[in-house]
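Structure file input_17.tsv (TSV, C-alpha atoms) is printed below.
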chain	number	residue	atom	x	y	z
A	1	MET	CA	30.26	90.39	120.11
A	2	MET	CA	30.53	86.67	119.51
A	3	ILE	CA	30.79	84.28	122.45
A	4	LYS	CA	30.49	80.50	122.43
A	5	LEU	CA	28.10	79.81	125.30
A	6	GLY	CA	27.49	76.10	124.82
A	7	GLY	CA	27.94	74.43	128.20
A	8	ARG	CA	28.99	77.71	129.82
A	9	ARG	CA	27.43	78.98	133.03
A	10	CYS	CA	25.34	82.14	132.62
A	11	LEU	CA	23.32	84.12	135.14
A	12	VAL	CA	20.11	86.06	134.71
A	13	VAL	CA	19.13	88.29	137.63
A	14	GLY	CA	15.39	88.91	137.56
A	15	GLY	CA	12.23	86.90	137.14
A	16	GLY	CA	10.04	88.87	134.74
A	17	ASP	CA	9.42	89.19	131.01
A	18	VAL	CA	12.86	90.59	130.16
A	19	ALA	CA	14.55	87.84	132.17
A	20	GLU	CA	12.48	85.21	130.34
A	21	ARG	CA	13.62	86.55	126.95
A	22	LYS	CA	17.27	86.46	128.07
A	23	VAL	CA	16.88	82.92	129.42
A	24	THR	CA	15.28	81.73	126.17
A	25	ALA	CA	18.14	83.17	124.10
A	26	LEU	CA	20.78	81.65	126.38
A	27	LEU	CA	19.13	78.22	126.27
A	28	GLU	CA	19.06	78.39	122.47
A	29	CYS	CA	22.85	78.88	122.63
A	30	GLY	CA	23.26	75.83	124.85
A	31	ALA	CA	24.20	77.77	127.97
A	32	ARG	CA	23.74	76.40	131.49
A	33	VAL	CA	21.46	79.07	132.96
A	34	THR	CA	20.94	80.13	136.55
A	35	VAL	CA	18.16	82.57	137.43
A	36	VAL	CA	18.23	84.55	140.68
A	37	SER	CA	14.96	86.17	141.71
A	38	PRO	CA	12.54	85.99	144.63
A	39	GLU	CA	9.61	85.98	142.16
A	40	LEU	CA	9.23	84.23	138.77
A	41	ILE	CA	6.73	84.62	135.98
A	42	ASP	CA	5.05	81.43	134.82
A	43	GLY	CA	7.36	80.78	131.86
A	44	LEU	CA	10.45	80.83	134.06
A	45	GLN	CA	8.73	78.71	136.68
A	46	GLN	CA	7.92	76.14	133.98
A	47	ALA	CA	11.55	76.17	132.77
A	48	ALA	CA	12.66	75.51	136.34
A	49	LEU	CA	10.18	72.65	136.77
A	50	ALA	CA	11.41	71.17	133.49
A	51	ARG	CA	14.99	71.46	134.82
A	52	GLN	CA	16.01	73.65	131.90
A	53	VAL	CA	17.33	76.29	134.32
A	54	TRP	CA	18.59	76.37	137.90
A	55	VAL	CA	16.67	78.86	140.05
A	56	LEU	CA	17.69	80.58	143.28
A	57	ARG	CA	14.49	82.12	144.70
A	58	ARG	CA	16.06	84.97	146.59
A	59	ALA	CA	17.67	88.37	146.09
A	60	PHE	CA	20.94	88.66	144.17
A	61	ARG	CA	24.20	88.30	146.10
A	62	PRO	CA	27.61	89.36	144.72
A	63	GLY	CA	28.88	85.79	145.09
A	64	ASP	CA	26.31	84.71	142.47
A	65	LEU	CA	28.73	86.05	139.85
A	66	ASP	CA	31.41	83.48	140.70
A	67	GLY	CA	32.11	81.17	137.77
A	68	MET	CA	29.67	82.85	135.38
A	69	MET	CA	30.71	83.47	131.77
A	70	LEU	CA	27.95	86.03	131.13
A	71	VAL	CA	25.52	87.87	133.38
A	72	PHE	CA	22.32	89.77	132.56
A	73	ALA	CA	20.67	92.16	134.97
A	74	ALA	CA	16.98	91.93	134.04
A	75	THR	CA	15.35	93.65	136.98
A	76	ASP	CA	14.14	97.12	137.84
A	77	ASP	CA	15.57	96.83	141.36
A	78	PRO	CA	18.78	98.90	141.57

Full structure transcribed into structure tokens:
Amino acid sequence: MMIKLGGRRCLVVGGGDVAERKVTALLECGARVTVVSPELIDGLQQAALARQVWVLRRAFRPGDLDGMMLVFAATDDP
């Protein structure tokens, strides 16, 4: 699958290692990344502090999908 993600809004649900890998790949594509998770590993916290990603420190809500081009579920919480 080929998708142009430059400037597009993408969502990563989760705050662990898998989420960090997804965020890194999306940023390399030029995506505008939002992360939703009550907890973040250090790498994601640093990306948030550097304003590379927008973070919502809470549980996922269905409305988080609104306006997103691509979404990754990167959590073990069903």

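Between atom CA of Arg58 of chain A and atom CA of Gly30 of chain A the separation is 24.7 Å.
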
(message) Here is a test: counting all atoms listed in the file, which residue of A:Gly43, A:Gly7, A:Pro38, A:Pro62 is nearest to Glu20 of chain A?
(response)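 Distance minimum relative to Glu20 of chain A lands on A:Gly43.
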
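Checking A:Arg32, A:Met68, A:Ala19, A:Ala59 one by one against Leu44 of chain A, counting only C-alpha atoms, you find the shortest gap at A:Ala19.
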
(message) I'd like the interatomic distance between atom CA of Ala50 of chain A and atom CA of Met2 of chain A, to a tenth of an Å.
(response)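 Straight-line distance from atom CA of Ala50 of chain A to atom CA of Met2 of chain A works out to 28.3 Å.
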
(request) Would you work out the distance separating atom CA of Ala73 of chain A from atom CA of Leu49 of chain A, expressed in Å to one decimal? (result) 22.2 Å

Since the input lacks some atoms of segment 6-19 of chain A, please model N, CA and C atoms and print them as a compact mmCIF listing (two decimals), in the coordinates of the input.
# COMPACT_ATOMS: atom_id res chain seq x y z
N GLY A 6 27.86 77.49 124.62
CA GLY A 6 27.49 76.10 124.82
C GLY A 6 28.18 75.50 126.04
N GLY A 7 27.40 75.03 127.00
CA GLY A 7 27.94 74.43 128.20
C GLY A 7 28.48 75.41 129.22
N ARG A 8 28.46 76.69 128.90
CA ARG A 8 28.99 77.71 129.82
C ARG A 8 27.92 78.17 130.79
N ARG A 9 28.35 78.52 132.00
CA ARG A 9 27.43 78.98 133.03
C ARG A 9 27.11 80.46 132.82
N CYS A 10 25.82 80.77 132.78
CA CYS A 10 25.34 82.14 132.62
C CYS A 10 24.30 82.44 133.68
N LEU A 11 24.23 83.70 134.09
CA LEU A 11 23.32 84.12 135.14
C LEU A 11 22.37 85.18 134.62
N VAL A 12 21.11 85.04 134.98
CA VAL A 12 20.11 86.06 134.71
C VAL A 12 19.53 86.47 136.06
N VAL A 13 19.66 87.76 136.38
CA VAL A 13 19.13 88.29 137.63
C VAL A 13 17.80 88.96 137.32
N GLY A 14 16.72 88.40 137.83
CA GLY A 14 15.39 88.91 137.56
C GLY A 14 14.47 87.77 137.19
N GLY A 15 13.18 87.98 137.38
CA GLY A 15 12.23 86.90 137.14
C GLY A 15 11.04 87.29 136.30
N GLY A 16 11.16 88.38 135.54
CA GLY A 16 10.04 88.87 134.74
C GLY A 16 10.18 88.59 133.25
N ASP A 17 9.45 89.38 132.47
CA ASP A 17 9.42 89.19 131.01
C ASP A 17 10.79 89.34 130.36
N VAL A 18 11.53 90.37 130.75
CA VAL A 18 12.86 90.59 130.16
C VAL A 18 13.77 89.42 130.51
N ALA A 19 13.73 88.98 131.75
CA ALA A 19 14.55 87.84 132.17
C ALA A 19 14.19 86.60 131.35
